[in-house]
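Chemist: Hey, dropping start.cif in here, mmCIF, C-alpha atoms:
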data_query
#
loop_
_atom_site.group_PDB
_atom_site.id
_atom_site.type_symbol
_atom_site.label_atom_id
_atom_site.label_comp_id
_atom_site.auth_asym_id
_atom_site.auth_seq_id
_atom_site.Cartn_x
_atom_site.Cartn_y
_atom_site.Cartn_z
ATOM 1 C CA MET A 1 0.000 0.000 0.000
ATOM 2 C CA SER A 2 1.452 3.340 -0.988
ATOM 3 C CA VAL A 3 1.088 6.340 1.269
ATOM 4 C CA ILE A 4 1.253 9.691 -0.508
ATOM 5 C CA MET A 5 1.878 12.682 1.727
ATOM 6 C CA ALA A 6 2.855 16.187 0.610
ATOM 7 C CA THR A 7 3.138 19.618 2.209
ATOM 8 C CA ALA A 8 3.757 23.100 0.834
ATOM 9 C CA GLY A 9 3.619 26.742 1.771
ATOM 10 C CA TYR A 10 5.508 29.991 1.724
ATOM 11 C CA ASP A 11 9.028 28.766 0.933
ATOM 12 C CA HIS A 12 7.908 28.053 -2.664
ATOM 13 C CA THR A 13 8.542 24.310 -2.349
ATOM 14 C CA ILE A 14 6.364 21.206 -2.372
ATOM 15 C CA ARG A 15 7.743 18.380 -0.264
ATOM 16 C CA PHE A 16 6.827 14.704 -0.422
ATOM 17 C CA TRP A 17 7.345 12.722 2.771
ATOM 18 C CA GLU A 18 7.722 9.154 3.880
ATOM 19 C CA ALA A 19 4.897 9.391 6.382
ATOM 20 C CA LEU A 20 6.214 6.817 8.841
ATOM 21 C CA SER A 21 9.923 7.646 8.840
ATOM 22 C CA GLY A 22 9.492 11.428 8.531
ATOM 23 C CA ILE A 23 12.062 11.553 5.728
ATOM 24 C CA CYS A 24 11.557 14.031 2.878
ATOM 25 C CA SER A 25 11.694 11.891 -0.271
ATOM 26 C CA ARG A 26 11.307 14.594 -2.917
ATOM 27 C CA THR A 27 11.259 18.382 -3.169
ATOM 28 C CA ILE A 28 9.688 20.300 -6.054
ATOM 29 C CA GLN A 29 10.418 23.978 -6.586
ATOM 30 C CA HIS A 30 7.282 26.086 -7.093
ATOM 31 C CA SER A 31 9.010 29.328 -8.009
ATOM 32 C CA ASP A 32 5.944 31.265 -9.249
ATOM 33 C CA SER A 33 4.355 31.812 -5.837
ATOM 34 C CA GLN A 34 3.492 30.346 -2.473
ATOM 35 C CA VAL A 35 1.351 27.210 -2.553
ATOM 36 C CA ASN A 36 -2.070 27.645 -0.925
ATOM 37 C CA ARG A 37 -3.627 24.175 -1.250
ATOM 38 C CA LEU A 38 -2.690 20.660 -2.294
ATOM 39 C CA CYS A 39 -4.858 17.796 -3.514
ATOM 40 C CA ILE A 40 -3.954 14.254 -4.555
ATOM 41 C CA SER A 41 -5.918 12.706 -7.409
ATOM 42 C CA PRO A 42 -8.038 9.651 -6.475
ATOM 43 C CA ASP A 43 -5.729 7.317 -8.433
ATOM 44 C CA LYS A 44 -2.687 8.729 -6.570
ATOM 45 C CA ARG A 45 -0.980 9.660 -9.839
ATOM 46 C CA LEU A 46 -1.222 13.441 -9.750
ATOM 47 C CA LEU A 47 -0.744 16.202 -7.208
ATOM 48 C CA ALA A 48 -2.561 19.495 -7.757
ATOM 49 C CA ALA A 49 -0.828 22.563 -6.299
ATOM 50 C CA ALA A 50 -2.903 25.744 -6.064
ATOM 51 C CA GLY A 51 -0.780 28.885 -6.181
ATOM 52 C CA HIS A 52 -1.343 32.604 -6.655
ATOM 53 C CA THR A 53 -3.352 32.480 -9.885
ATOM 54 C CA THR A 54 -2.588 29.039 -11.309
ATOM 55 C CA VAL A 55 -2.950 25.378 -10.475
ATOM 56 C CA LYS A 56 -0.195 22.991 -11.526
ATOM 57 C CA LEU A 57 -0.446 19.231 -11.795
ATOM 58 C CA TYR A 58 2.628 17.177 -10.934
ATOM 59 C CA ASP A 59 3.278 13.518 -11.691
ATOM 60 C CA ILE A 60 3.649 11.828 -8.298
ATOM 61 C CA LYS A 61 5.261 8.668 -9.676
ATOM 62 C CA SER A 62 7.996 10.370 -11.725
ATOM 63 C CA THR A 63 11.016 12.474 -10.783
ATOM 64 C CA ASN A 64 10.093 15.184 -13.301
ATOM 65 C CA PRO A 65 10.481 18.499 -11.422
ATOM 66 C CA SER A 66 8.212 20.311 -13.893
ATOM 67 C CA SER A 67 4.431 20.275 -13.863
ATOM 68 C CA VAL A 68 2.665 18.124 -16.448
ATOM 69 C CA LEU A 69 -0.309 20.482 -16.785
ATOM 70 C CA LEU A 70 -0.955 24.147 -16.034
ATOM 71 C CA PHE A 71 -4.403 25.584 -15.297
ATOM 72 C CA GLU A 72 -4.602 29.307 -16.038
ATOM 73 C CA GLY A 73 -7.725 31.438 -15.705
ATOM 74 C CA HIS A 74 -7.982 32.744 -12.148
ATOM 75 C CA SER A 75 -6.855 36.320 -11.463
ATOM 76 C CA ASN A 76 -6.108 35.988 -7.731
ATOM 77 C CA ASN A 77 -5.091 33.407 -5.111
ATOM 78 C CA VAL A 78 -6.504 29.931 -5.661
ATOM 79 C CA THR A 79 -7.888 28.894 -2.267
ATOM 80 C CA GLY A 80 -9.424 25.472 -2.880
ATOM 81 C CA VAL A 81 -8.916 22.518 -5.204
ATOM 82 C CA GLY A 82 -10.565 19.118 -5.535
ATOM 83 C CA PHE A 83 -10.834 16.211 -7.972
ATOM 84 C CA HIS A 84 -13.869 14.416 -9.376
ATOM 85 C CA CYS A 85 -13.889 10.820 -8.045
ATOM 86 C CA GLU A 86 -12.652 9.475 -11.391
ATOM 87 C CA GLY A 87 -10.327 12.422 -12.012
ATOM 88 C CA LYS A 88 -12.243 13.634 -15.094
ATOM 89 C CA TRP A 89 -12.544 17.175 -13.802
ATOM 90 C CA MET A 90 -11.160 19.416 -11.116
ATOM 91 C CA VAL A 91 -12.806 22.249 -9.185
ATOM 92 C CA THR A 92 -11.091 25.356 -7.831
ATOM 93 C CA SER A 93 -12.077 28.383 -5.763
ATOM 94 C CA SER A 94 -10.321 31.723 -5.778
ATOM 95 C CA GLU A 95 -10.103 35.135 -4.169
ATOM 96 C CA ASP A 96 -11.074 36.457 -7.633
ATOM 97 C CA GLY A 97 -14.678 35.607 -6.607
ATOM 98 C CA THR A 98 -15.173 32.547 -8.795
ATOM 99 C CA VAL A 99 -15.472 28.777 -8.613
ATOM 100 C CA LYS A 100 -14.283 27.029 -11.772
ATOM 101 C CA ILE A 101 -14.533 23.493 -13.111
ATOM 102 C CA TRP A 102 -11.678 22.339 -15.349
ATOM 103 C CA ASP A 103 -11.186 19.455 -17.743
ATOM 104 C CA THR A 104 -8.154 17.606 -16.330
ATOM 105 C CA ARG A 105 -7.020 16.426 -19.766
ATOM 106 C CA THR A 106 -7.046 19.768 -21.558
ATOM 107 C CA ALA A 107 -6.787 22.230 -18.611
ATOM 108 C CA SER A 108 -9.695 24.186 -20.084
ATOM 109 C CA VAL A 109 -12.448 25.834 -18.033
ATOM 110 C CA GLN A 110 -15.782 23.990 -18.367
ATOM 111 C CA ARG A 111 -17.864 25.953 -15.840
ATOM 112 C CA ASN A 112 -17.484 29.305 -14.132
ATOM 113 C CA TYR A 113 -19.613 30.297 -11.127
ATOM 114 C CA SER A 114 -19.484 33.789 -9.637
ATOM 115 C CA HIS A 115 -19.756 34.470 -5.896
ATOM 116 C CA GLY A 116 -19.277 38.228 -6.137
ATOM 117 C CA SER A 117 -16.909 37.979 -3.164
ATOM 118 C CA PRO A 118 -13.536 36.258 -2.610
ATOM 119 C CA VAL A 119 -14.105 32.497 -2.335
ATOM 120 C CA ASN A 120 -12.222 30.779 0.503
ATOM 121 C CA ASP A 121 -12.932 27.098 -0.087
ATOM 122 C CA VAL A 122 -14.794 24.599 -2.268
ATOM 123 C CA VAL A 123 -15.588 20.899 -1.820
ATOM 124 C CA ILE A 124 -17.292 18.310 -4.009
ATOM 125 C CA HIS A 125 -20.346 16.517 -2.635
ATOM 126 C CA PRO A 126 -19.820 12.710 -2.645
ATOM 127 C CA ASN A 127 -22.657 12.453 -5.194
ATOM 128 C CA GLN A 128 -20.279 14.267 -7.611
ATOM 129 C CA GLY A 129 -23.217 16.390 -8.753
ATOM 130 C CA GLU A 130 -22.952 19.315 -6.349
ATOM 131 C CA LEU A 131 -20.288 21.731 -5.139
ATOM 132 C CA ILE A 132 -20.247 23.540 -1.796
ATOM 133 C CA SER A 133 -18.270 26.785 -1.534
ATOM 134 C CA CYS A 134 -17.900 29.637 0.948
ATOM 135 C CA ASP A 135 -16.781 33.270 0.785
ATOM 136 C CA GLN A 136 -15.556 36.422 2.504
ATOM 137 C CA ALA A 137 -19.057 37.954 2.569
ATOM 138 C CA GLY A 138 -20.262 35.133 4.837
ATOM 139 C CA ASN A 139 -22.065 32.974 2.256
ATOM 140 C CA VAL A 140 -22.120 29.215 1.871
ATOM 141 C CA ARG A 141 -23.392 28.245 -1.569
ATOM 142 C CA ILE A 142 -24.403 24.926 -3.076
ATOM 143 C CA TRP A 143 -24.074 24.591 -6.844
ATOM 144 C CA ASP A 144 -26.031 21.931 -8.709
ATOM 145 C CA LEU A 145 -23.962 20.805 -11.691
ATOM 146 C CA GLY A 146 -26.936 19.185 -13.452
ATOM 147 C CA GLU A 147 -29.076 22.327 -13.143
ATOM 148 C CA ASN A 148 -25.931 24.459 -13.637
ATOM 149 C CA LYS A 149 -26.972 26.949 -10.953
ATOM 150 C CA CYS A 150 -26.732 27.896 -7.285
ATOM 151 C CA THR A 151 -29.547 26.050 -5.451
ATOM 152 C CA HIS A 152 -28.818 27.122 -1.860
ATOM 153 C CA GLN A 153 -27.365 30.239 -0.292
ATOM 154 C CA LEU A 154 -26.732 30.031 3.460
ATOM 155 C CA ILE A 155 -25.583 33.004 5.545
ATOM 156 C CA PRO A 156 -24.585 31.732 9.008
ATOM 157 C CA GLU A 157 -23.561 35.203 10.253
ATOM 158 C CA ASP A 158 -23.870 38.438 8.292
ATOM 159 C CA ASP A 159 -20.547 39.755 6.994
ATOM 160 C CA VAL A 160 -18.476 37.184 8.921
ATOM 161 C CA PRO A 161 -16.192 35.446 6.390
ATOM 162 C CA VAL A 162 -16.700 31.692 6.114
ATOM 163 C CA ARG A 163 -13.236 30.236 5.882
ATOM 164 C CA SER A 164 -13.765 26.513 5.283
ATOM 165 C CA VAL A 165 -16.428 23.924 4.453
ATOM 166 C CA THR A 166 -16.468 20.128 4.720
ATOM 167 C CA VAL A 167 -19.039 17.537 3.680
ATOM 168 C CA ALA A 168 -19.389 14.031 5.138
ATOM 169 C CA THR A 169 -18.194 11.130 2.980
ATOM 170 C CA ASP A 170 -21.721 9.710 3.109
ATOM 171 C CA GLY A 171 -23.252 13.063 2.149
ATOM 172 C CA SER A 172 -25.178 13.285 5.423
ATOM 173 C CA MET A 173 -23.687 16.454 6.882
ATOM 174 C CA LEU A 174 -22.191 19.842 6.012
ATOM 175 C CA VAL A 175 -19.992 21.864 8.386
ATOM 176 C CA ALA A 176 -18.741 25.436 7.880
ATOM 177 C CA GLY A 177 -16.214 27.345 9.996
ATOM 178 C CA ASN A 178 -15.909 31.138 10.157
ATOM 179 C CA ASN A 179 -13.599 33.957 11.226
ATOM 180 C CA LEU A 180 -15.166 34.223 14.680
ATOM 181 C CA GLY A 181 -14.257 30.620 15.469
ATOM 182 C CA ASN A 182 -17.823 29.346 15.085
ATOM 183 C CA CYS A 183 -18.864 26.098 13.399
ATOM 184 C CA TYR A 184 -22.261 25.650 11.755
ATOM 185 C CA VAL A 185 -23.687 22.200 11.056
ATOM 186 C CA TRP A 186 -26.440 21.186 8.630
ATOM 187 C CA ARG A 187 -27.944 17.794 7.939
ATOM 188 C CA MET A 188 -28.073 17.082 4.206
ATOM 189 C CA ILE A 189 -31.050 15.054 3.039
ATOM 190 C CA GLN A 190 -31.234 13.736 -0.524
ATOM 191 C CA ASN A 191 -34.764 13.556 -1.884
ATOM 192 C CA ARG A 192 -34.399 12.073 -5.350
ATOM 193 C CA ASP A 193 -32.150 14.664 -7.004
ATOM 194 C CA VAL A 194 -32.876 17.506 -4.584
ATOM 195 C CA THR A 195 -30.746 18.227 -1.533
ATOM 196 C CA GLN A 196 -32.480 19.582 1.560
ATOM 197 C CA LEU A 197 -30.515 21.338 4.282
ATOM 198 C CA VAL A 198 -31.655 21.192 7.896
ATOM 199 C CA PRO A 199 -29.747 23.312 10.465
ATOM 200 C CA VAL A 200 -28.523 21.057 13.285
ATOM 201 C CA THR A 201 -26.357 23.147 15.597
ATOM 202 C CA LYS A 202 -23.735 25.873 15.926
ATOM 203 C CA PHE A 203 -20.905 25.941 18.430
ATOM 204 C CA GLN A 204 -17.806 27.980 19.184
ATOM 205 C CA ALA A 205 -14.800 25.830 18.366
ATOM 206 C CA HIS A 206 -12.124 28.502 18.778
ATOM 207 C CA THR A 207 -11.875 32.117 19.942
ATOM 208 C CA LYS A 208 -9.844 33.121 16.879
ATOM 209 C CA TYR A 209 -10.087 32.468 13.127
ATOM 210 C CA ILE A 210 -10.925 28.970 12.001
ATOM 211 C CA THR A 211 -8.626 28.119 9.100
ATOM 212 C CA ARG A 212 -9.918 24.622 8.284
ATOM 213 C CA VAL A 213 -12.793 22.302 9.154
ATOM 214 C CA LEU A 214 -12.597 18.651 8.130
ATOM 215 C CA LEU A 215 -14.885 15.687 8.794
ATOM 216 C CA SER A 216 -13.119 12.347 9.194
ATOM 217 C CA PRO A 217 -13.672 9.576 6.616
ATOM 218 C CA ASP A 218 -15.755 7.581 9.148
ATOM 219 C CA VAL A 219 -17.792 10.753 9.921
ATOM 220 C CA ARG A 220 -17.217 10.253 13.657
ATOM 221 C CA HIS A 221 -14.840 13.168 14.157
ATOM 222 C CA LEU A 222 -14.539 16.803 13.107
ATOM 223 C CA ALA A 223 -11.125 18.445 13.036
ATOM 224 C CA THR A 224 -10.868 22.228 13.327
ATOM 225 C CA CYS A 225 -7.670 24.234 12.794
ATOM 226 C CA SER A 226 -7.187 27.759 14.028
ATOM 227 C CA ALA A 227 -5.132 30.908 14.391
ATOM 228 C CA ASP A 228 -5.084 30.149 18.131
ATOM 229 C CA HIS A 229 -2.151 27.723 17.539
ATOM 230 C CA THR A 230 -4.272 24.589 18.058
ATOM 231 C CA ALA A 231 -6.179 21.939 16.194
ATOM 232 C CA LYS A 232 -9.158 20.381 17.941
ATOM 233 C CA ILE A 233 -10.974 17.088 17.479
ATOM 234 C CA TRP A 234 -14.725 17.008 18.090
ATOM 235 C CA SER A 235 -16.965 13.975 18.338
ATOM 236 C CA VAL A 236 -19.712 14.117 15.744
ATOM 237 C CA ASP A 237 -23.179 13.673 17.162
ATOM 238 C CA GLU A 238 -26.587 14.301 15.631
ATOM 239 C CA LYS A 239 -27.292 17.191 18.000
ATOM 240 C CA LYS A 240 -24.138 18.044 19.898
ATOM 241 C CA PHE A 241 -20.460 18.226 19.060
ATOM 242 C CA SER A 242 -18.304 17.623 22.130
ATOM 243 C CA LEU A 243 -14.570 18.315 22.366
ATOM 244 C CA GLU A 244 -12.550 15.091 22.336
ATOM 245 C CA ASN A 245 -9.111 16.611 22.476
ATOM 246 C CA THR A 246 -7.000 19.661 21.748
ATOM 247 C CA LEU A 247 -3.752 19.100 19.874
ATOM 248 C CA HIS A 248 -1.202 21.321 21.627
ATOM 249 C CA GLY A 249 2.367 21.745 20.412
ATOM 250 C CA HIS A 250 1.957 24.035 17.399
ATOM 251 C CA GLN A 251 3.907 27.278 17.803
ATOM 252 C CA ARG A 252 1.913 29.372 15.334
ATOM 253 C CA TRP A 253 -1.251 29.287 13.208
ATOM 254 C CA VAL A 254 -2.450 25.833 12.191
ATOM 255 C CA TRP A 255 -3.571 26.157 8.567
ATOM 256 C CA ASP A 256 -4.561 22.766 7.273
ATOM 257 C CA CYS A 257 -5.069 19.140 8.204
ATOM 258 C CA ALA A 258 -5.721 15.710 6.685
ATOM 259 C CA PHE A 259 -7.083 12.502 8.191
ATOM 260 C CA SER A 260 -5.699 9.037 7.544
ATOM 261 C CA ALA A 261 -8.089 6.659 5.764
ATOM 262 C CA ASP A 262 -8.904 4.862 9.038
ATOM 263 C CA SER A 263 -9.647 8.198 10.800
ATOM 264 C CA ALA A 264 -7.124 7.303 13.544
ATOM 265 C CA TYR A 265 -4.426 9.828 12.610
ATOM 266 C CA LEU A 266 -4.334 13.488 11.630
ATOM 267 C CA VAL A 267 -1.596 15.446 9.863
ATOM 268 C CA THR A 268 -1.434 19.204 10.520
ATOM 269 C CA ALA A 269 0.407 22.003 8.698
ATOM 270 C CA CYS A 270 1.576 24.996 10.691
ATOM 271 C CA SER A 271 3.151 28.444 10.229
ATOM 272 C CA ASP A 272 6.008 27.283 12.500
ATOM 273 C CA HIS A 273 7.392 25.445 9.407
ATOM 274 C CA TYR A 274 6.445 21.960 10.642
ATOM 275 C CA ALA A 275 3.917 19.349 9.660
ATOM 276 C CA ARG A 276 2.971 16.907 12.394
ATOM 277 C CA LEU A 277 1.399 13.451 12.478
ATOM 278 C CA TRP A 278 -0.892 12.952 15.479
ATOM 279 C CA GLU A 279 -2.231 9.709 16.863
ATOM 280 C CA LEU A 280 -5.694 10.771 17.949
ATOM 281 C CA SER A 281 -6.263 8.060 20.571
ATOM 282 C CA SER A 282 -3.218 9.212 22.553
ATOM 283 C CA GLN A 283 -3.070 12.865 21.371
ATOM 284 C CA GLN A 284 0.632 12.261 20.773
ATOM 285 C CA ILE A 285 2.844 13.582 17.967
ATOM 286 C CA ILE A 286 4.109 10.449 16.202
ATOM 287 C CA ARG A 287 6.232 12.297 13.615
ATOM 288 C CA GLN A 288 7.402 15.839 12.894
ATOM 289 C CA TYR A 289 8.197 16.705 9.299
ATOM 290 C CA ASN A 290 11.014 19.222 9.240
ATOM 291 C CA GLY A 291 12.287 20.795 6.037
ATOM 292 C CA HIS A 292 10.241 23.839 5.098
ATOM 293 C CA HIS A 293 12.049 27.153 5.620
ATOM 294 C CA ARG A 294 8.851 29.145 5.993
ATOM 295 C CA GLY A 295 5.285 28.418 7.017
ATOM 296 C CA ALA A 296 3.668 25.146 5.960
ATOM 297 C CA VAL A 297 0.104 26.073 5.042
ATOM 298 C CA CYS A 298 -1.227 23.012 3.228
ATOM 299 C CA VAL A 299 -1.039 19.245 3.447
ATOM 300 C CA ALA A 300 -2.403 16.365 1.369
ATOM 301 C CA LEU A 301 -2.502 12.723 2.434
ATOM 302 C CA ASN A 302 -3.750 9.616 0.649
ATOM 303 C CA ASP A 303 -3.156 6.286 2.390
ATOM 304 C CA TYR A 304 -6.197 4.493 0.986
ATOM 305 C CA SER A 305 -5.457 0.955 -0.185
ATOM 306 C CA GLU A 306 -5.016 0.541 -3.893
ATOM 307 C CA ARG A 307 -8.269 -0.320 -5.604
#
I need this file expressed as structure tokens, please.
Modeler:
Amino acid sequence: MSVIMATAGYDHTIRFWEALSGICSRTIQHSDSQVNRLCISPDKRLLAAAGHTTVKLYDIKSTNPSSVLLFEGHSNNVTGVGFHCEGKWMVTSSEDGTVKIWDTRTASVQRNYSHGSPVNDVVIHPNQGELISCDQAGNVRIWDLGENKCTHQLIPEDDVPVRSVTVATDGSMLVAGNNLGNCYVWRMIQNRDVTQLVPVTKFQAHTKYITRVLLSPDVRHLATCSADHTAKIWSVDEKKFSLENTLHGHQRWVWDCAFSADSAYLVTACSDHYARLWELSSQQIIRQYNGHHRGAVCVALNDYSER
């Protein structure tokens, strides 16, 4: 079983790691800009790196230091990136106020959705037919790809930027995190082709900015990352989210995180230059990944068994 793990950030490098040994196995120079987000394709062949205005695809299996495909079309920072389950298309969000869908073979834009405000994150619903995105004006939007339109606009708190969104792997739940440290939870109900959203709860996860929210693959945990120098793990319950543990040890902002396939481990990326692998049952740091010369702001992990 191959484990793909990569981090990137403000030192203009992308680093691949041997997750268990902590050894950096490959470094790619990303000279154009900082790297804001990383995403590994479902077949583990490609790594997407979202930079200032472009997204580059790199071949994970080769030693080629150059990208194999360049996606140009955004006019500001690319803040989110995700792959269709079969890798046919890719979605991005950007501070230019748009969400775009790209053909991964030709790097051409297939769809362009306007938020009218800088977009901070985008995720693909497991049904592959809807996108969920969030913006600086405080909106969470759901885009129906079949109808080719925005079907839901949620405003958790007026004018409070929504920083991150995450959807459960079974499509049952949506969580959004905002700049006040609050998390909002909705139940997602599929009626034929129509998604209904039912507000479940809101809770204060942090007292400072939330930078990332992420539901675990088994949908039993929610990870939240924050400017308060911590990541927190919450137990997912129908009505109430209770704090399971706080991951202390980060020296600066925690920007991003990724769960292992079995939901037992979490990798975090931090402004203190380190990425860390946490065993959630013990709250212990199993590995520190040391090599970035400036802040690590994004991490991607894929340790799913080969299909």
Chemist: I need the output of the PyMOL selection byres ((chain A and resi 38) around 8) for this file as a ChimeraX atom specification; which residues are they?
Modeler: /A:6-8,35-37,39-40,47-50,81,298-300
Chemist: Please measure the separation of atom CA of Asn112 of chain A and atom CA of Ala176 of chain A, giving the value in Å to one decimal.
Modeler: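 Spanning atom CA of Asn112 of chain A to atom CA of Ala176 of chain A is a straight-line distance of 22.4 Å.
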Chemist: Identify all residues satisfying the PyMOL selection byres ((chain A and resi 181) around 7) in the given file; provide them as a ChimeraX atom specification.
Modeler: /A:177-180,182-183,204-210
Chemist: Would you give me, as CSV, each residue of segment 194-239 of chain A having an atom within 8 Å of an atom of segment 144-164 of chain A, along with its shortest atom pair and that distance in Å to one decimal, using only C-alpha atoms and sorting by chain and residue number?
Modeler:
residue,atom,partner,partner_atom,distance
A:Ile210,CA,A:Arg163,CA,6.7
A:Thr211,CA,A:Arg163,CA,6.0
A:Arg212,CA,A:Ser164,CA,5.2
A:Val213,CA,A:Ser164,CA,5.8
Chemist: Name the residues that the PyMOL selection byres ((chain A and resi 185) around 10) picks from the file above, as a tab-separated table (two decimals) with C-alpha atoms, keeping the file's coordinate frame, using the file's chain letters and numbers.
Modeler:
chain	number	residue	atom	x	y	z
A	156	PRO	CA	-24.58	31.73	9.01
A	165	VAL	CA	-16.43	23.92	4.45
A	166	THR	CA	-16.47	20.13	4.72
A	167	VAL	CA	-19.04	17.54	3.68
A	173	MET	CA	-23.69	16.45	6.88
A	174	LEU	CA	-22.19	19.84	6.01
A	175	VAL	CA	-19.99	21.86	8.39
A	176	ALA	CA	-18.74	25.44	7.88
A	177	GLY	CA	-16.21	27.34	10.00
A	183	CYS	CA	-18.86	26.10	13.40
A	184	TYR	CA	-22.26	25.65	11.76
A	186	TRP	CA	-26.44	21.19	8.63
A	187	ARG	CA	-27.94	17.79	7.94
A	188	MET	CA	-28.07	17.08	4.21
A	197	LEU	CA	-30.52	21.34	4.28
A	198	VAL	CA	-31.66	21.19	7.90
A	199	PRO	CA	-29.75	23.31	10.46
A	200	VAL	CA	-28.52	21.06	13.28
A	201	THR	CA	-26.36	23.15	15.60
A	202	LYS	CA	-23.74	25.87	15.93
A	203	PHE	CA	-20.90	25.94	18.43
A	238	GLU	CA	-26.59	14.30	15.63
A	239	LYS	CA	-27.29	17.19	18.00
A	240	LYS	CA	-24.14	18.04	19.90
A	241	PHE	CA	-20.46	18.23	19.06
Chemist: Can you work out the spacing between atom CA of Phe259 of chain A and atom CA of Arg26 of chain A in Å, to one decimal?
Modeler: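 Here the two named atoms are 21.6 Å from each other.
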Chemist: Work out how far apart atom CA of Asp256 of chain A and atom CA of Gln196 of chain A are and give it in Å to one decimal.
Modeler: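 Pair atom CA of Asp256 of chain A / atom CA of Gln196 of chain A returns 28.7 Å.
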Chemist: Build an axis-aligned box that encloses every atom of segment 10-26 of chain A listed in the file, pad it by 5 Å on each side, and report its centre and edge lengths in Å to one decimal, as JSON.
Modeler:
{"center_x": 8.5, "center_y": 18.4, "center_z": 3.0, "size_x": 17.2, "size_y": 33.2, "size_z": 21.8}
Chemist: Counting only C-alpha atoms, which of A:Glu244, A:Asp237, A:Glu279, A:Asp43 gets nearest to Gly87 of chain A?
Modeler: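 For Gly87 of chain A, the nearest of the given residues is A:Asp43.
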Chemist: Using only C-alpha atoms, can you tell me which of A:Leu280, A:His250, A:Pro126, A:Thr13 comes closest to Ala264 of chain A?
Modeler: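 Looking only at the distances to Ala264 of chain A, the closest residue turns out to be A:Leu280.
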Chemist: Quick one: residues within 12 Å of His30 of chain A, only C-alpha atoms counted, chain neighbours fewer than 3 positions away excluded, as a ChimeraX atom specification?
Modeler: /A:8-15,27,33-36,48-52,54-58,65-67
Chemist: Looking at A:Glu72, A:Glu18, A:Asp262, A:Asp218, which one is nearest to Ser235 of chain A, with distances taken over only C-alpha atoms?
Modeler: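 That would be A:Asp218, the residue with the smallest distance to Ser235 of chain A.
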Chemist: Extract, using all atoms listed in the file, all DNA, RNA and protein residues at most 7 Å from Leu247 of chain A, discarding same-chain residues fewer than 5 positions from it, and format them as a ChimeraX atom specification.
Modeler: /A:230-232,283
Chemist: Let me make sure I understand: among A:Leu69, A:Val78, A:Val99, A:Val194, which one has the smallest atom-to-atom distance to Gly129 of chain A if we use all atoms listed in the file?
Modeler: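 For Gly129 of chain A, the nearest of the given residues is A:Val194.
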Chemist: Show me, as a PyMOL selection string, the residues that have an atom within 8 Å of segment 267-272 of chain A when counting all atoms listed in the file, minus same-chain residues fewer than 2 positions from it.
Modeler: chain A and resi 7+231+250-260+265+274-278+294-299+301
Chemist: Output the selection as a compact mmCIF listing (two decimals), in the coordinates of the input - C-alpha atoms for each residue.
Modeler:
# COMPACT_ATOMS: atom_id res chain seq x y z
CA THR A 7 3.14 19.62 2.21
CA ALA A 231 -6.18 21.94 16.19
CA HIS A 250 1.96 24.04 17.40
CA GLN A 251 3.91 27.28 17.80
CA ARG A 252 1.91 29.37 15.33
CA TRP A 253 -1.25 29.29 13.21
CA VAL A 254 -2.45 25.83 12.19
CA TRP A 255 -3.57 26.16 8.57
CA ASP A 256 -4.56 22.77 7.27
CA CYS A 257 -5.07 19.14 8.20
CA ALA A 258 -5.72 15.71 6.68
CA PHE A 259 -7.08 12.50 8.19
CA SER A 260 -5.70 9.04 7.54
CA TYR A 265 -4.43 9.83 12.61
CA TYR A 274 6.44 21.96 10.64
CA ALA A 275 3.92 19.35 9.66
CA ARG A 276 2.97 16.91 12.39
CA LEU A 277 1.40 13.45 12.48
CA TRP A 278 -0.89 12.95 15.48
CA ARG A 294 8.85 29.14 5.99
CA GLY A 295 5.28 28.42 7.02
CA ALA A 296 3.67 25.15 5.96
CA VAL A 297 0.10 26.07 5.04
CA CYS A 298 -1.23 23.01 3.23
CA VAL A 299 -1.04 19.24 3.45
CA LEU A 301 -2.50 12.72 2.43
